[in-house]
Amino acid sequence: MTAVRSRTPPITAPPRTGAGDLASFLATWSGRPTVAIIDLDQLTANIAHLRGVIGPSVRLLAVVKANGYGHGAVIVARHALANGVDALAVATVDEGVQLRDAGIVAEILIIGPIGANERERAIRAGLSLVVATAGFAAGLAKEVRRIGATPAPVHLKVDTGMHRFGCTPEDVVSVARAIVSQPALLWTGMMSHLATADDPDTTFAREQASRFDAAVSALRTAGLDVPTQHLTNSAGTLRFPDLHRDLVRVGIALYGLRPDPAMALPSPMAPVLSIRSRVARVSKLPAGEGVNYGQTYRAIADESVALVPIGYADGYPRTLTGQTTMVLGGRTAPLLGRVTMDQAVVRVPEGIDVRPGDPVIIAGNGAAGGDGAPTLDDLASFAGTIGYELAVRLAARLPRIYIEGGRVVAVDDLTGRQAV
Ligand SMILES: *Cc1c(COP(=O)(O)O)cnc(C)c1O
């Protein structure tokens, strides 16, 4: 029994990040046992790889919408800007203001449409906005004049086939003229968005790129000076080097998650976030008895089960029921019965002794020779969704612990953020 227990690893990040400090931090951690660990060194490595892919003359914009894809927008943004990222994008004005309030001065592009009621706040925060109509350009300029602000930076978006946002290619010259005719606006970007960048069939991505290039030519023919061009997301950036233009907008790959389940990221890119917990209870499940609501799992023979405090309220989807495993004592422990709001039950692997307080890996970081736990991308596919959705739905009540250089540098939980 003791011999087997000694194989139980401490709750740590992989050794490459210098686990010692995290282990000692967690040994005295007074917060919730279930935590997300965010490895900022892995974020640095992912950025460095992307910088290598795009080369020195292309700018790297980090997409940190939806709370930095669940990783924590402020800390991710600051770390990214200090490690090779040139600009940021978020989806909403509130998200942009949150970054400004945290003291971030870099360019922040709001990539989604905004309400007329939000214009003043966006202008005051110095956020860059996407313009898709002449009317929006005029309204925005009027607002800049009304409040006496400096010219508002804008990116013109042309819809080349995504059919979500942007002006039609036919309107691109008139919208550009509406921008440049307004001294209250600063035309700083020319963008589009690819609908099928992750599709093995590259035909439509190529078609969109040629529509984009045609729009740029039309603007030049009209005598307009076209600013920074950008059209690729993570998949487009990794798959189409010739479409990088002046800037790339990378989200999911920064976090080491896949743009598409079929698209593995090149080494050394790897997930930044892992989820750890500790066993809350160990109990016997007698043969014939069921586990949890609905008794969807019944033991055939007597077995030992462990309670882990994570549930769908943490963003661990209920659709993982019957679909995944955790790692307990270095071994695979299958999830038994339903995922409930706050708690899940796993089988204690044969032949090991597990006690309350023992570490559990719920989502691993996918490192080579790593922890053997499913990654967020794995969990997403088991749950019938994509890594994007799983990551952004990780709840605020899941404390985020940030490590850098093997040390814990910040903690963010429901009680606020503490520098460590
Ligand atoms: C979210 C988003 C991105 C980033 O996409 P990833 O696939 O996460 O890299 C880029 N551009 C636009 C317009 C977006 O909405």
# chains A, B, ... in the order shown; residues from 1 in each chain; ligands from 1
call {"tool": "select_by_dssp", "arguments": {"residues": "region 116-151 of chain A", "states": "helix (DSSP H, G or I)", "output": "ChimeraX atom specification"}}
result
/A:116-124,134-147
call {"tool": "write_last_selection", "arguments": {"atoms": "C-alpha atoms", "output": "PDB file, in the first residue's frame"}}
result
ATOM      1  CA  ALA A 116     -24.784  53.246 -31.284  1.00  0.00           C
ATOM      2  CA  ASN A 117     -25.106  53.709 -27.513  1.00  0.00           C
ATOM      3  CA  GLU A 118     -21.567  52.338 -27.027  1.00  0.00           C
ATOM      4  CA  ARG A 119     -19.772  54.709 -29.381  1.00  0.00           C
ATOM      5  CA  GLU A 120     -18.922  57.343 -26.813  1.00  0.00           C
ATOM      6  CA  ARG A 121     -17.373  54.856 -24.365  1.00  0.00           C
ATOM      7  CA  ALA A 122     -15.399  53.200 -27.159  1.00  0.00           C
ATOM      8  CA  ILE A 123     -14.041  56.540 -28.375  1.00  0.00           C
ATOM      9  CA  ARG A 124     -13.151  57.714 -24.864  1.00  0.00           C
ATOM     10  CA  ALA A 134     -20.721  54.782 -44.557  1.00  0.00           C
ATOM     11  CA  GLY A 135     -23.469  55.574 -42.061  1.00  0.00           C
ATOM     12  CA  PHE A 136     -21.520  54.101 -39.162  1.00  0.00           C
ATOM     13  CA  ALA A 137     -18.427  56.085 -40.206  1.00  0.00           C
ATOM     14  CA  ALA A 138     -20.430  59.336 -40.278  1.00  0.00           C
ATOM     15  CA  GLY A 139     -22.127  58.620 -36.941  1.00  0.00           C
ATOM     16  CA  LEU A 140     -18.837  57.756 -35.300  1.00  0.00           C
ATOM     17  CA  ALA A 141     -17.167  60.919 -36.634  1.00  0.00           C
ATOM     18  CA  LYS A 142     -20.055  63.015 -35.357  1.00  0.00           C
ATOM     19  CA  GLU A 143     -19.658  61.464 -31.906  1.00  0.00           C
ATOM     20  CA  VAL A 144     -15.896  62.153 -31.928  1.00  0.00           C
ATOM     21  CA  ARG A 145     -16.601  65.823 -32.715  1.00  0.00           C
ATOM     22  CA  ARG A 146     -19.385  66.063 -30.144  1.00  0.00           C
ATOM     23  CA  ILE A 147     -17.144  64.940 -27.296  1.00  0.00           C
TER      24      ILE A 147
END
call {"tool": "residues_around", "arguments": {"residues": "Pro266 (chain A)", "least_positions_apart": "3", "cutoff": "9 Å", "atoms": "only C-alpha atoms", "output": "list in words"}}
result
His49, Met269 and Ala270 of chain A
call {"tool": "residues_around", "arguments": {"residues": "Gln295 (chain A)", "least_positions_apart": "3", "cutoff": "12 Å", "atoms": "only C-alpha atoms", "output": "PDB file with N, CA, C and O atoms, in the first residue's frame"}}
result
ATOM      1  N   LEU A 285     -18.407   1.417  -3.731  1.00  0.00           N
ATOM      2  CA  LEU A 285     -19.632   1.278  -4.518  1.00  0.00           C
ATOM      3  C   LEU A 285     -19.913  -0.216  -4.626  1.00  0.00           C
ATOM      4  O   LEU A 285     -19.247  -0.929  -5.382  1.00  0.00           O
ATOM      5  N   GLY A 288     -23.991  -3.696  -8.032  1.00  0.00           N
ATOM      6  CA  GLY A 288     -25.426  -3.479  -8.216  1.00  0.00           C
ATOM      7  C   GLY A 288     -25.893  -2.073  -7.882  1.00  0.00           C
ATOM      8  O   GLY A 288     -26.989  -1.671  -8.271  1.00  0.00           O
ATOM      9  N   GLU A 289     -25.067  -1.306  -7.182  1.00  0.00           N
ATOM     10  CA  GLU A 289     -25.474   0.059  -6.828  1.00  0.00           C
ATOM     11  C   GLU A 289     -25.105   1.040  -7.956  1.00  0.00           C
ATOM     12  O   GLU A 289     -24.130   0.836  -8.680  1.00  0.00           O
ATOM     13  N   GLY A 290     -25.890   2.118  -8.056  1.00  0.00           N
ATOM     14  CA  GLY A 290     -25.644   3.130  -9.091  1.00  0.00           C
ATOM     15  C   GLY A 290     -25.017   4.386  -8.508  1.00  0.00           C
ATOM     16  O   GLY A 290     -25.036   4.598  -7.300  1.00  0.00           O
ATOM     17  N   VAL A 291     -24.460   5.204  -9.385  1.00  0.00           N
ATOM     18  CA  VAL A 291     -23.806   6.441  -8.967  1.00  0.00           C
ATOM     19  C   VAL A 291     -24.573   7.646  -9.482  1.00  0.00           C
ATOM     20  O   VAL A 291     -24.868   7.723 -10.674  1.00  0.00           O
ATOM     21  N   ASN A 292     -24.836   8.590  -8.577  1.00  0.00           N
ATOM     22  CA  ASN A 292     -25.285   9.932  -8.949  1.00  0.00           C
ATOM     23  C   ASN A 292     -26.700   9.932  -9.556  1.00  0.00           C
ATOM     24  O   ASN A 292     -27.322   8.885  -9.721  1.00  0.00           O
ATOM     25  N   ARG A 298     -23.964   1.686 -13.101  1.00  0.00           N
ATOM     26  CA  ARG A 298     -24.117   0.718 -12.014  1.00  0.00           C
ATOM     27  C   ARG A 298     -22.897  -0.184 -11.956  1.00  0.00           C
ATOM     28  O   ARG A 298     -22.432  -0.669 -12.989  1.00  0.00           O
ATOM     29  N   ALA A 299     -22.413  -0.424 -10.730  1.00  0.00           N
ATOM     30  CA  ALA A 299     -21.240  -1.292 -10.573  1.00  0.00           C
ATOM     31  C   ALA A 299     -21.626  -2.746 -10.826  1.00  0.00           C
ATOM     32  O   ALA A 299     -22.669  -3.212 -10.354  1.00  0.00           O
ATOM     33  N   THR A 321     -20.634  13.113 -19.403  1.00  0.00           N
ATOM     34  CA  THR A 321     -21.116  11.916 -18.720  1.00  0.00           C
ATOM     35  C   THR A 321     -20.816  10.658 -19.551  1.00  0.00           C
ATOM     36  O   THR A 321     -21.200  10.586 -20.716  1.00  0.00           O
ATOM     37  N   GLY A 322     -20.092   9.729 -18.929  1.00  0.00           N
ATOM     38  CA  GLY A 322     -19.768   8.464 -19.601  1.00  0.00           C
ATOM     39  C   GLY A 322     -18.709   8.585 -20.686  1.00  0.00           C
ATOM     40  O   GLY A 322     -18.421   7.617 -21.387  1.00  0.00           O
ATOM     41  N   LEU A 336     -17.679   8.130 -13.706  1.00  0.00           N
ATOM     42  CA  LEU A 336     -18.821   7.222 -13.541  1.00  0.00           C
ATOM     43  C   LEU A 336     -20.081   8.046 -13.298  1.00  0.00           C
ATOM     44  O   LEU A 336     -20.091   8.953 -12.476  1.00  0.00           O
ATOM     45  N   GLY A 337     -21.159   7.705 -13.980  1.00  0.00           N
ATOM     46  CA  GLY A 337     -22.414   8.424 -13.778  1.00  0.00           C
ATOM     47  C   GLY A 337     -22.336   9.831 -14.314  1.00  0.00           C
ATOM     48  O   GLY A 337     -21.387  10.199 -15.025  1.00  0.00           O
ATOM     49  N   ARG A 338     -23.342  10.617 -13.970  1.00  0.00           N
ATOM     50  CA  ARG A 338     -23.458  11.949 -14.560  1.00  0.00           C
ATOM     51  C   ARG A 338     -22.506  12.965 -13.945  1.00  0.00           C
ATOM     52  O   ARG A 338     -22.181  12.881 -12.769  1.00  0.00           O
ATOM     53  N   VAL A 339     -22.140  13.933 -14.774  1.00  0.00           N
ATOM     54  CA  VAL A 339     -21.509  15.145 -14.257  1.00  0.00           C
ATOM     55  C   VAL A 339     -22.652  15.969 -13.677  1.00  0.00           C
ATOM     56  O   VAL A 339     -23.653  16.219 -14.359  1.00  0.00           O
ATOM     57  N   VAL A 345     -17.882  11.890 -10.056  1.00  0.00           N
ATOM     58  CA  VAL A 345     -17.347  10.693  -9.399  1.00  0.00           C
ATOM     59  C   VAL A 345     -16.534   9.894 -10.414  1.00  0.00           C
ATOM     60  O   VAL A 345     -16.974   9.724 -11.556  1.00  0.00           O
TER      61      VAL A 345
END
call {"tool": "residues_near_ligand", "arguments": {"ligand": "ligand 1", "cutoff": "8 Å", "atoms": "only C-alpha atoms and all ligand atoms", "output": "PyMOL selection string"}}
result
chain A and resi 63+65+90-91+111-112+192-193+231-235+249-254+259+388
call {"tool": "residues_around", "arguments": {"residues": "Leu194 (chain A)", "least_positions_apart": "3", "cutoff": "8 Å", "atoms": "only C-alpha atoms", "output": "JSON, numbers by chain"}}
result
{"A": [160, 161, 162, 197, 205, 208, 231, 232, 233, 236]}
call {"tool": "write_last_selection", "arguments": {"atoms": "N, CA and C atoms", "output": "short mmCIF file (atom, residue, chain, number, x, y, z; two decimals), in the first residue's frame"}}
result
data_model
loop_
_atom_site.label_atom_id
_atom_site.label_comp_id
_atom_site.auth_asym_id
_atom_site.auth_seq_id
_atom_site.Cartn_x
_atom_site.Cartn_y
_atom_site.Cartn_z
N THR A 160 -15.86 39.08 -47.63
CA THR A 160 -15.43 38.38 -48.85
C THR A 160 -16.03 36.98 -48.95
N GLY A 161 -17.02 36.69 -48.08
CA GLY A 161 -17.68 35.39 -48.21
C GLY A 161 -18.07 34.72 -46.91
N MET A 162 -17.70 35.33 -45.79
CA MET A 162 -18.13 34.80 -44.49
C MET A 162 -19.61 35.13 -44.25
N ALA A 197 -10.96 28.61 -43.10
CA ALA A 197 -9.49 28.52 -43.02
C ALA A 197 -9.03 27.15 -42.51
N ALA A 205 -11.13 29.45 -49.19
CA ALA A 205 -10.22 30.41 -48.54
C ALA A 205 -9.46 31.19 -49.62
N GLN A 208 -11.76 33.72 -51.17
CA GLN A 208 -11.91 34.91 -50.32
C GLN A 208 -10.69 35.82 -50.43
N LEU A 231 -6.27 39.41 -42.69
CA LEU A 231 -7.42 38.53 -42.91
C LEU A 231 -7.31 37.15 -42.28
N THR A 232 -6.21 36.79 -41.65
CA THR A 232 -6.15 35.41 -41.15
C THR A 232 -6.35 35.30 -39.64
N ASN A 233 -7.10 34.27 -39.24
CA ASN A 233 -7.22 33.83 -37.84
C ASN A 233 -6.13 32.76 -37.61
N GLY A 236 -5.88 30.14 -40.52
CA GLY A 236 -5.38 30.79 -41.73
C GLY A 236 -3.91 31.15 -41.60
#
call {"tool": "residues_around", "arguments": {"residues": "His79 (chain A)", "least_positions_apart": "6", "cutoff": "12 Å", "atoms": "only C-alpha atoms", "output": "VMD selection string"}}
result
chain A and resid 38 to 45 47 62 64 68 71 to 73 85 to 86 88 104 254 402 to 404 409 to 410
call {"tool": "select_by_dssp", "arguments": {"residues": "region 217-308 of chain A", "states": "strand (DSSP E or B)", "output": "CSV table (one decimal) with N, CA, C and O atoms, in the first residue's frame"}}
result
chain,number,residue,atom,x,y,z
A,228,THR,N,-2.8,49.0,-43.1
A,228,THR,CA,-2.6,47.6,-42.6
A,228,THR,C,-3.6,46.6,-43.1
A,228,THR,O,-4.8,46.7,-42.7
A,229,GLN,N,-3.2,45.6,-43.9
A,229,GLN,CA,-4.2,44.6,-44.3
A,229,GLN,C,-4.1,43.4,-43.4
A,229,GLN,O,-3.0,42.9,-43.1
A,230,HIS,N,-5.2,42.8,-43.1
A,230,HIS,CA,-5.2,41.6,-42.3
A,230,HIS,C,-6.5,40.7,-42.6
A,230,HIS,O,-7.6,41.3,-42.7
A,247,LEU,N,-0.6,41.9,-41.0
A,247,LEU,CA,-0.9,41.6,-39.6
A,247,LEU,C,-1.7,40.3,-39.6
A,247,LEU,O,-2.5,40.0,-40.5
A,248,VAL,N,-1.6,39.5,-38.5
A,248,VAL,CA,-2.4,38.3,-38.4
A,248,VAL,C,-3.2,38.4,-37.1
A,248,VAL,O,-2.7,39.0,-36.1
A,249,ARG,N,-4.4,37.9,-37.0
A,249,ARG,CA,-5.2,37.9,-35.8
A,249,ARG,C,-5.3,36.5,-35.3
A,249,ARG,O,-6.1,35.7,-35.8
A,250,VAL,N,-4.6,36.3,-34.2
A,250,VAL,CA,-4.5,34.9,-33.7
A,250,VAL,C,-5.2,34.8,-32.3
A,250,VAL,O,-4.8,35.5,-31.4
A,273,LEU,N,-3.5,25.9,-20.5
A,273,LEU,CA,-4.3,25.8,-19.3
A,273,LEU,C,-4.5,24.3,-19.0
A,273,LEU,O,-4.8,23.5,-19.9
A,274,SER,N,-4.4,24.0,-17.7
A,274,SER,CA,-4.7,22.6,-17.2
A,274,SER,C,-5.6,22.8,-16.0
A,274,SER,O,-5.7,23.8,-15.4
A,275,ILE,N,-6.4,21.7,-15.7
A,275,ILE,CA,-7.3,21.8,-14.6
A,275,ILE,C,-7.0,20.7,-13.6
A,275,ILE,O,-6.8,19.5,-14.0
A,276,ARG,N,-6.7,21.1,-12.4
A,276,ARG,CA,-6.3,20.1,-11.3
A,276,ARG,C,-7.4,20.2,-10.2
A,276,ARG,O,-8.0,21.2,-10.0
A,277,SER,N,-7.4,19.1,-9.4
A,277,SER,CA,-8.2,19.1,-8.2
A,277,SER,C,-7.7,18.1,-7.2
A,277,SER,O,-6.5,17.7,-7.4
A,278,ARG,N,-8.4,17.9,-6.1
A,278,ARG,CA,-8.0,16.9,-5.1
A,278,ARG,C,-9.3,16.1,-4.8
A,278,ARG,O,-10.4,16.6,-4.8
A,281,ARG,N,-13.5,12.7,-1.4
A,281,ARG,CA,-14.1,11.6,-0.6
A,281,ARG,C,-13.7,10.3,-1.4
A,281,ARG,O,-13.8,10.3,-2.6
A,282,VAL,N,-13.5,9.2,-0.6
A,282,VAL,CA,-13.3,7.9,-1.3
A,282,VAL,C,-14.3,7.0,-0.6
A,282,VAL,O,-14.5,7.0,0.6
A,283,SER,N,-15.1,6.3,-1.5
A,283,SER,CA,-16.1,5.4,-0.9
A,283,SER,C,-16.2,4.1,-1.7
A,283,SER,O,-15.7,4.0,-2.8
A,284,LYS,N,-16.9,3.2,-1.1
A,284,LYS,CA,-17.1,1.9,-1.7
A,284,LYS,C,-18.4,1.9,-2.5
A,284,LYS,O,-19.4,2.5,-2.1
A,285,LEU,N,-18.4,1.4,-3.7
A,285,LEU,CA,-19.6,1.3,-4.5
A,285,LEU,C,-19.9,-0.2,-4.6
A,285,LEU,O,-19.2,-0.9,-5.4
A,290,GLY,N,-25.9,2.1,-8.1
A,290,GLY,CA,-25.6,3.1,-9.1
A,290,GLY,C,-25.0,4.4,-8.5
A,290,GLY,O,-25.0,4.6,-7.3
A,291,VAL,N,-24.5,5.2,-9.4
A,291,VAL,CA,-23.8,6.4,-9.0
A,291,VAL,C,-24.6,7.6,-9.5
A,291,VAL,O,-24.9,7.7,-10.7
A,297,TYR,N,-24.8,4.9,-14.2
A,297,TYR,CA,-23.8,3.9,-14.1
A,297,TYR,C,-24.0,3.0,-12.9
A,297,TYR,O,-24.3,3.5,-11.8
A,298,ARG,N,-24.0,1.7,-13.1
A,298,ARG,CA,-24.1,0.7,-12.0
A,298,ARG,C,-22.9,-0.2,-12.0
A,298,ARG,O,-22.4,-0.7,-13.0
A,303,GLU,N,-16.6,-1.9,-6.1
A,303,GLU,CA,-15.5,-1.1,-6.5
A,303,GLU,C,-15.3,0.2,-5.6
A,303,GLU,O,-16.2,0.4,-4.8
A,304,SER,N,-14.2,0.8,-5.8
A,304,SER,CA,-13.9,2.0,-5.0
A,304,SER,C,-14.0,3.2,-5.9
A,304,SER,O,-13.6,3.2,-7.0
A,305,VAL,N,-14.7,4.3,-5.4
A,305,VAL,CA,-14.9,5.5,-6.2
A,305,VAL,C,-14.4,6.7,-5.4
A,305,VAL,O,-14.4,6.7,-4.2
A,306,ALA,N,-14.1,7.7,-6.2
A,306,ALA,CA,-13.6,9.0,-5.6
A,306,ALA,C,-14.4,10.1,-6.1
A,306,ALA,O,-14.8,10.2,-7.3
A,307,LEU,N,-14.7,11.0,-5.2
A,307,LEU,CA,-15.5,12.2,-5.5
A,307,LEU,C,-14.5,13.4,-5.8
A,307,LEU,O,-13.6,13.7,-5.1
A,308,VAL,N,-14.8,14.1,-6.9
A,308,VAL,CA,-14.0,15.2,-7.4
A,308,VAL,C,-14.9,16.4,-7.5
A,308,VAL,O,-15.9,16.4,-8.2
call {"tool": "closest_residue", "arguments": {"among": "A:Ala218, A:Val327, A:Val348, A:Arg397", "to": "Pro374 (chain A)", "atoms": "only C-alpha atoms"}}
result
A:Val327
call {"tool": "residues_around", "arguments": {"residues": "Pro271 (chain A)", "least_positions_apart": "3", "cutoff": "6 Å", "atoms": "only C-alpha atoms", "output": "NGL selection string"}}
result
:A and (255-257 or 365)
call {"tool": "write_last_selection", "arguments": {"atoms": "N, CA and C atoms", "output": "PDB file, in the first residue's frame"}}
result
ATOM      1  N   TYR A 255      -3.381  29.959 -27.223  1.00  0.00           N
ATOM      2  CA  TYR A 255      -3.668  29.213 -25.995  1.00  0.00           C
ATOM      3  C   TYR A 255      -3.296  27.737 -26.140  1.00  0.00           C
ATOM      4  N   GLY A 256      -2.756  27.390 -27.294  1.00  0.00           N
ATOM      5  CA  GLY A 256      -2.332  26.005 -27.532  1.00  0.00           C
ATOM      6  C   GLY A 256      -3.488  25.063 -27.799  1.00  0.00           C
ATOM      7  N   LEU A 257      -4.609  25.627 -28.258  1.00  0.00           N
ATOM      8  CA  LEU A 257      -5.765  24.794 -28.598  1.00  0.00           C
ATOM      9  C   LEU A 257      -5.924  24.764 -30.115  1.00  0.00           C
ATOM     10  N   ASN A 365      -2.040  19.206 -19.904  1.00  0.00           N
ATOM     11  CA  ASN A 365      -1.499  20.193 -20.842  1.00  0.00           C
ATOM     12  C   ASN A 365      -0.950  19.571 -22.120  1.00  0.00           C
TER      13      ASN A 365
END
call {"tool": "atom_distance", "arguments": {"atom1": "CA of Ala152 (chain A)", "atom2": "CA of Ile108 (chain A)"}}
result
11.9 Å
